[in-house]
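Asks: Sharing a structure below in structure tokens format, with a few things to ask.
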Amino acid sequence: MNANGTQSLAARVREFIDHQVIPVEHAVETDPHVLVTLRRAAREAGVFAPSAPTEYGGLGLSMLDQTDVLEESGRSLPGPLVMNCAAPDEGNMTLLEHVATPAQREQYLRPLAAGDVRSAFAMTEPAPGAGSDPTALATSAVRDGDDWLIDGQKWFITGADGAGFFIVMARTGADAATMFLVDAGNPGLTVGRHIPTIDAGFTGGHCEVLLERCRVPASAVLGEVDRGFANAQVRLGPARLTHCMRWLGVARRAHEIMLGYVVDRELFGSRLADLGLAQHLIADNEIDLAASRALIRTAAVALDQGSRANHETSIAKTFVSEAVGRVGDRSVQLCGAQGVSHDLPLARFLAEVRPFRIYDGASEAHRWAVARRAVRRYETARSGKRSHD
């Protein structure tokens, strides 16, 4: 899609979110009929499933084209769900598009792109299992004739309650893992308790999932056997970046709400917007928003060019996850008592964005990876220079 087409689509998304979703956003979380109505409206507006492939009914946007569109979708917490570009489904669509067999795409991707089912990505485990370090994976899968038996405990699995299927990561060798497609209701797979968290914006919650001799056929293997860690990168880099896009929309709306407040609020003989300390916070918000958008676009271009973009997405994810929290916090502060009340959505926004510094890899894990790459890059360059001396 050319730049004008992307801008036009982003404008339509902005209008759709502001005029149709935001006025009823609280009802979306409590009344399933509202979601059905809004999804129908999203299809009519031509903004449904922007990330899904066109052959499965989506808009097939590139990563760069998605930046503005998904940012606009995130201006309302249920906006991405309404438009069918919410986590974890959006990332799972990317994975299925690139890794699944044609039969698997028909069985799983098509209904997911149409919004007929939800899905979950089951990798995270309780300590000492996989978390920010996927190589700590403890769930195992062993062959049993033509089938596989999966055993393990997952937790913090977003969207698990009500998911139609799960993409399960399991260890299949000392240094190898494999992904499996497991239908909800498959014997041996049990969705357990919702884990109480400070956020509440993900449909299906964050749940424990138990796999006990969960038998799946060989056709359930997603990608190649023992290639799970490599294939997961197809999903993880783009998914952490699209998270950044959506949360940037939340932060921008928080900033706009705050601007409306400080322009109208008068104290100490002037508008709050004209006081120096307030202007400092406003400026820092603008800087964080602009820097976040630039880092997202840089990583998106790298992904579109075929790079794994691990470095670029780690930098973007670390910065944006912290920046959106800063923007939300400053917005709450400038709105004073209203900021911490539920008369405005700012306190809710702040609670929702805080976990982003942990999921999709904690900020500390990404900083460690970024630093290691920087050191290796320097050592390689220095070694090359010495070899020419």
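Chains: A, B, ... in order of the structure tokens. Residues: from 1 per chain. Ligands: from 1, in order shown.
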Among stretch 141-329 of chain A, which ones does DSSP place in strand (DSSP E), written as a PyMOL selection string?

Replies: chain A and resi 141-144+147-158+165-173+176-183+189-194+206-217+221-222+266-267+270-271

Asks: Which residues are close to A:Ser62, i.e. within 9 Å by only C-alpha atoms, leaving aside same-chain residues fewer than 2 positions away? Reply as a compact mmCIF listing (two decimals) with N, CA and C atoms, in the first residue's frame.

Replies:
```txt
# COMPACT_ATOMS: atom_id res chain seq x y z
N MET A 1 0.85 -1.19 0.00
CA MET A 1 0.00 0.00 0.00
C MET A 1 0.88 1.23 0.00
N SER A 51 -3.83 -6.95 9.80
CA SER A 51 -2.57 -7.69 9.75
C SER A 51 -2.70 -9.02 9.01
N GLY A 60 -3.78 -7.46 4.74
CA GLY A 60 -2.43 -7.81 4.28
C GLY A 60 -1.42 -6.69 4.36
N LEU A 64 5.41 -1.81 8.08
CA LEU A 64 5.43 -0.35 8.07
C LEU A 64 4.03 0.22 7.91
N ASP A 65 3.22 -0.40 7.05
CA ASP A 65 1.85 0.07 6.87
C ASP A 65 1.03 -0.09 8.14
N GLN A 66 1.38 -1.09 8.95
CA GLN A 66 0.63 -1.32 10.18
C GLN A 66 0.91 -0.29 11.26
N THR A 67 2.03 0.42 11.18
CA THR A 67 2.45 1.28 12.29
C THR A 67 1.37 2.30 12.66
N ALA A 300 10.12 -1.63 11.90
CA ALA A 300 9.17 -2.13 10.90
C ALA A 300 9.83 -2.22 9.53
N ASP A 304 10.31 -5.58 7.24
CA ASP A 304 9.80 -5.64 5.87
C ASP A 304 10.89 -5.98 4.87
```

Asks: As a ChimeraX atom specification, please: all residues of stretch 43-197 of chain A that backbone DSSP puts in helix (DSSP H, G or I).

Replies: /A:43-45,54-56,63-73,79-83,89-99,102-113,134-136

Asks: Mind pulling up the distance from atom CA of A:Met93 to atom CA of A:Trp155?

Replies: 21.3 Å

Asks: Excluding same-chain residues fewer than 4 positions from A:Val250, what lies within 12 Å of it counting only C-alpha atoms, as a ChimeraX atom specification?

Replies: /A:17,22,70-80,201,243-246,254-257,289,320-321,323-325,327-328,331,345-353

Asks: Within 12 Å of A:Asp116, counting only C-alpha atoms, which residues qualify if same-chain residues fewer than 4 places away don't, as a list in words?

Replies: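 Here the answer would be Val36, Arg39, Ala49, Asn84, Asp89, Gln107, Tyr108, Leu109, Arg110, Pro111, Leu112, Gly162, Ala163, Gly164 and Phe165 of chain A.
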
Asks: Produce a file of the selected residues containing C-alpha atoms, as a PDB file, in the first residue's frame.

Replies:
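What landed in result.pdb:
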```pdb
ATOM      1  CA  VAL A  36     -20.390  -8.510  17.508  1.00  0.00           C
ATOM      2  CA  ARG A  39     -16.924  -6.105  14.425  1.00  0.00           C
ATOM      3  CA  ALA A  49      -8.078  -7.706  10.265  1.00  0.00           C
ATOM      4  CA  ASN A  84      -9.168  -8.333  15.013  1.00  0.00           C
ATOM      5  CA  ASP A  89      -4.299 -13.533  17.734  1.00  0.00           C
ATOM      6  CA  GLN A 107      -8.091 -25.157   9.568  1.00  0.00           C
ATOM      7  CA  TYR A 108      -6.639 -22.524  11.886  1.00  0.00           C
ATOM      8  CA  LEU A 109      -5.664 -19.311  10.086  1.00  0.00           C
ATOM      9  CA  ARG A 110      -8.830 -18.827   8.065  1.00  0.00           C
ATOM     10  CA  PRO A 111     -11.265 -18.848  11.036  1.00  0.00           C
ATOM     11  CA  LEU A 112      -8.793 -16.812  13.108  1.00  0.00           C
ATOM     12  CA  GLY A 162     -12.226 -19.324  25.456  1.00  0.00           C
ATOM     13  CA  ALA A 163      -9.444 -19.898  22.938  1.00  0.00           C
ATOM     14  CA  GLY A 164     -10.340 -22.253  20.108  1.00  0.00           C
ATOM     15  CA  PHE A 165      -6.798 -23.571  19.816  1.00  0.00           C
TER      16      PHE A 165
END
```

Asks: Would you list the contacts of stretch 215-229 of chain A as an mmCIF file with N, CA and C atoms, in the first residue's frame, taking every protein, DNA or RNA residue within 10 Å and counting only C-alpha atoms, but skipping same-chain residues closer than 6 positions in sequence?

Replies:
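And here's around08.cif as it stands now:
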```
data_model
loop_
_atom_site.group_PDB
_atom_site.id
_atom_site.type_symbol
_atom_site.label_atom_id
_atom_site.label_comp_id
_atom_site.auth_asym_id
_atom_site.auth_seq_id
_atom_site.Cartn_x
_atom_site.Cartn_y
_atom_site.Cartn_z
ATOM 1 N N LEU A 95 2.455 -16.005 12.488
ATOM 2 C CA LEU A 95 3.149 -17.279 12.583
ATOM 3 C C LEU A 95 2.529 -18.319 11.655
ATOM 4 N N LEU A 96 1.209 -18.441 11.687
ATOM 5 C CA LEU A 96 0.529 -19.419 10.843
ATOM 6 C C LEU A 96 0.724 -19.114 9.365
ATOM 7 N N HIS A 98 3.291 -17.864 7.898
ATOM 8 C CA HIS A 98 4.642 -18.149 7.425
ATOM 9 C C HIS A 98 5.106 -19.577 7.695
ATOM 10 N N VAL A 99 4.510 -20.259 8.662
ATOM 11 C CA VAL A 99 5.054 -21.552 9.084
ATOM 12 C C VAL A 99 4.100 -22.712 8.821
ATOM 13 N N ALA A 100 2.804 -22.476 8.855
ATOM 14 C CA ALA A 100 1.824 -23.564 8.771
ATOM 15 C C ALA A 100 1.763 -24.174 7.375
ATOM 16 N N THR A 101 1.319 -25.425 7.320
ATOM 17 C CA THR A 101 1.056 -26.076 6.043
ATOM 18 C C THR A 101 -0.231 -25.507 5.449
ATOM 19 N N ALA A 103 -2.932 -27.045 4.720
ATOM 20 C CA ALA A 103 -4.072 -27.616 5.449
ATOM 21 C C ALA A 103 -4.243 -26.947 6.799
ATOM 22 N N GLN A 104 -3.130 -26.669 7.490
ATOM 23 C CA GLN A 104 -3.203 -26.008 8.794
ATOM 24 C C GLN A 104 -3.710 -24.586 8.656
ATOM 25 N N PRO A 134 13.519 -18.315 26.704
ATOM 26 C CA PRO A 134 12.788 -19.461 26.174
ATOM 27 C C PRO A 134 13.552 -20.766 26.273
ATOM 28 N N THR A 135 14.893 -20.701 26.338
ATOM 29 C CA THR A 135 15.674 -21.932 26.379
ATOM 30 C C THR A 135 15.512 -22.685 27.693
ATOM 31 N N ALA A 141 7.640 -32.929 24.863
ATOM 32 C CA ALA A 141 6.820 -33.704 23.936
ATOM 33 C C ALA A 141 7.645 -34.886 23.456
ATOM 34 N N VAL A 142 7.083 -36.087 23.543
ATOM 35 C CA VAL A 142 7.782 -37.304 23.127
ATOM 36 C C VAL A 142 6.900 -38.053 22.140
ATOM 37 N N ARG A 143 7.538 -38.757 21.218
ATOM 38 C CA ARG A 143 6.800 -39.535 20.229
ATOM 39 C C ARG A 143 6.172 -40.754 20.893
ATOM 40 N N ASP A 144 4.974 -41.077 20.446
ATOM 41 C CA ASP A 144 4.296 -42.297 20.872
ATOM 42 C C ASP A 144 3.621 -42.879 19.630
ATOM 43 N N GLY A 145 4.359 -43.735 18.917
ATOM 44 C CA GLY A 145 3.881 -44.206 17.634
ATOM 45 C C GLY A 145 3.870 -43.066 16.639
ATOM 46 N N ASP A 146 2.737 -42.839 15.997
ATOM 47 C CA ASP A 146 2.608 -41.730 15.051
ATOM 48 C C ASP A 146 2.185 -40.434 15.735
ATOM 49 N N ASP A 147 1.927 -40.497 17.042
ATOM 50 C CA ASP A 147 1.455 -39.332 17.787
ATOM 51 C C ASP A 147 2.573 -38.729 18.627
ATOM 52 N N TRP A 148 2.215 -37.633 19.298
ATOM 53 C CA TRP A 148 3.085 -36.992 20.282
ATOM 54 C C TRP A 148 2.317 -36.885 21.592
ATOM 55 N N LEU A 149 3.044 -37.052 22.695
ATOM 56 C CA LEU A 149 2.476 -36.839 24.027
ATOM 57 C C LEU A 149 3.159 -35.640 24.654
ATOM 58 N N ILE A 150 2.347 -34.644 25.034
ATOM 59 C CA ILE A 150 2.876 -33.396 25.597
ATOM 60 C C ILE A 150 2.564 -33.350 27.090
ATOM 61 N N ASP A 151 3.581 -33.020 27.891
ATOM 62 C CA ASP A 151 3.418 -32.893 29.339
ATOM 63 C C ASP A 151 4.100 -31.621 29.808
ATOM 64 N N ILE A 167 -1.184 -22.720 20.386
ATOM 65 C CA ILE A 167 0.114 -23.046 19.822
ATOM 66 C C ILE A 167 1.032 -23.307 21.010
ATOM 67 N N VAL A 168 1.414 -24.567 21.198
ATOM 68 C CA VAL A 168 2.138 -25.001 22.393
ATOM 69 C C VAL A 168 3.605 -25.246 22.040
ATOM 70 N N MET A 169 4.490 -24.631 22.790
ATOM 71 C CA MET A 169 5.920 -24.863 22.628
ATOM 72 C C MET A 169 6.348 -25.933 23.624
ATOM 73 N N ALA A 170 7.023 -26.986 23.127
ATOM 74 C CA ALA A 170 7.463 -28.078 23.984
ATOM 75 C C ALA A 170 8.859 -28.514 23.583
ATOM 76 N N ARG A 171 9.613 -28.976 24.569
ATOM 77 C CA ARG A 171 10.968 -29.446 24.308
ATOM 78 C C ARG A 171 10.915 -30.828 23.665
ATOM 79 N N THR A 172 11.664 -31.006 22.578
ATOM 80 C CA THR A 172 11.718 -32.299 21.896
ATOM 81 C C THR A 172 13.145 -32.811 21.760
ATOM 82 N N GLY A 173 14.059 -32.193 22.467
ATOM 83 C CA GLY A 173 15.456 -32.608 22.473
ATOM 84 C C GLY A 173 16.214 -31.773 23.469
ATOM 85 N N ALA A 174 17.473 -32.133 23.722
ATOM 86 C CA ALA A 174 18.259 -31.420 24.732
ATOM 87 C C ALA A 174 18.337 -29.931 24.429
ATOM 88 N N ASP A 175 18.498 -29.590 23.159
ATOM 89 C CA ASP A 175 18.603 -28.186 22.766
ATOM 90 C C ASP A 175 17.588 -27.838 21.680
ATOM 91 N N ALA A 176 16.483 -28.556 21.677
ATOM 92 C CA ALA A 176 15.523 -28.377 20.593
ATOM 93 C C ALA A 176 14.101 -28.296 21.137
ATOM 94 N N ALA A 177 13.259 -27.584 20.408
ATOM 95 C CA ALA A 177 11.853 -27.460 20.767
ATOM 96 C C ALA A 177 11.017 -27.546 19.498
ATOM 97 N N THR A 178 9.731 -27.843 19.669
ATOM 98 C CA THR A 178 8.799 -27.960 18.555
ATOM 99 C C THR A 178 7.495 -27.286 18.953
ATOM 100 N N MET A 179 6.828 -26.656 17.994
ATOM 101 C CA MET A 179 5.526 -26.060 18.238
ATOM 102 C C MET A 179 4.429 -27.008 17.759
ATOM 103 N N PHE A 180 3.358 -27.070 18.536
ATOM 104 C CA PHE A 180 2.238 -27.949 18.235
ATOM 105 C C PHE A 180 0.938 -27.150 18.241
ATOM 106 N N LEU A 181 0.036 -27.495 17.324
ATOM 107 C CA LEU A 181 -1.317 -26.943 17.298
ATOM 108 C C LEU A 181 -2.219 -27.885 18.086
ATOM 109 N N VAL A 182 -2.784 -27.373 19.182
ATOM 110 C CA VAL A 182 -3.606 -28.202 20.063
ATOM 111 C C VAL A 182 -4.986 -27.559 20.186
ATOM 112 N N ASP A 183 -6.000 -28.283 19.786
ATOM 113 C CA ASP A 183 -7.363 -27.765 19.866
ATOM 114 C C ASP A 183 -7.828 -27.669 21.312
ATOM 115 N N ASN A 186 -8.992 -30.713 23.610
ATOM 116 C CA ASN A 186 -8.190 -31.911 23.364
ATOM 117 C C ASN A 186 -7.914 -32.599 24.697
ATOM 118 N N PRO A 187 -8.146 -33.906 24.801
ATOM 119 C CA PRO A 187 -7.886 -34.602 26.073
ATOM 120 C C PRO A 187 -6.458 -34.373 26.536
ATOM 121 N N GLY A 188 -6.330 -34.050 27.819
ATOM 122 C CA GLY A 188 -5.018 -33.787 28.383
ATOM 123 C C GLY A 188 -4.667 -32.323 28.482
ATOM 124 N N LEU A 189 -5.447 -31.443 27.850
ATOM 125 C CA LEU A 189 -5.204 -29.996 27.963
ATOM 126 C C LEU A 189 -6.302 -29.393 28.823
#
```

Asks: Got a sec: who's within 8 Å of A:Ile315, counting only C-alpha atoms, leaving out chain neighbours fewer than 6 positions off, as a ChimeraX atom specification?

Replies: /A:295,366-367,370

Asks: Could you write out the selected residues, including N, CA, C and O atoms, as a PDB file, in the first residue's frame?

Replies:
```pdb
ATOM      1  N   LEU A 295      11.278   4.792  16.520  1.00  0.00           N
ATOM      2  CA  LEU A 295      11.889   3.485  16.741  1.00  0.00           C
ATOM      3  C   LEU A 295      11.019   2.362  16.175  1.00  0.00           C
ATOM      4  O   LEU A 295      11.529   1.378  15.632  1.00  0.00           O
ATOM      5  N   HIS A 366      15.980  -7.662  27.384  1.00  0.00           N
ATOM      6  CA  HIS A 366      16.265  -7.016  26.103  1.00  0.00           C
ATOM      7  C   HIS A 366      17.520  -6.147  26.195  1.00  0.00           C
ATOM      8  O   HIS A 366      18.317  -6.106  25.245  1.00  0.00           O
ATOM      9  N   ARG A 367      17.709  -5.446  27.300  1.00  0.00           N
ATOM     10  CA  ARG A 367      18.921  -4.637  27.455  1.00  0.00           C
ATOM     11  C   ARG A 367      20.166  -5.520  27.417  1.00  0.00           C
ATOM     12  O   ARG A 367      21.188  -5.156  26.827  1.00  0.00           O
ATOM     13  N   VAL A 370      20.718  -6.442  23.798  1.00  0.00           N
ATOM     14  CA  VAL A 370      21.207  -5.291  23.035  1.00  0.00           C
ATOM     15  C   VAL A 370      22.678  -5.041  23.341  1.00  0.00           C
ATOM     16  O   VAL A 370      23.490  -4.786  22.428  1.00  0.00           O
TER      17      VAL A 370
END
```

Asks: Would you please work out which residue, of A:Ile287, A:Ala369, A:Ala309, A:Leu344, is nearest to A:Arg253 when using only C-alpha atoms?

Replies: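 Ranking A:Ile287, A:Ala369, A:Ala309, A:Leu344 by distance to A:Arg253, first place goes to A:Leu344.
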
Asks: Between atom CA of A:Ala120 and atom CA of A:Phe166, measure the distance and give it in Å to one decimal.

Replies: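 Distance between the two atoms: 4.8 Å.
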
Asks: Enter the distance from atom CA of A:Leu275 to atom CA of A:Asp343, in Å, rounded to one decimal.

Replies: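 These atoms are spaced 24.2 Å apart.
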
Asks: Pick from A:Leu334, A:Met63, A:Ala371, A:Ala10: nearest to A:Arg297, with only C-alpha atoms counted?

Replies: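 Answer, going by the shortest atom-to-atom distance: A:Met63.
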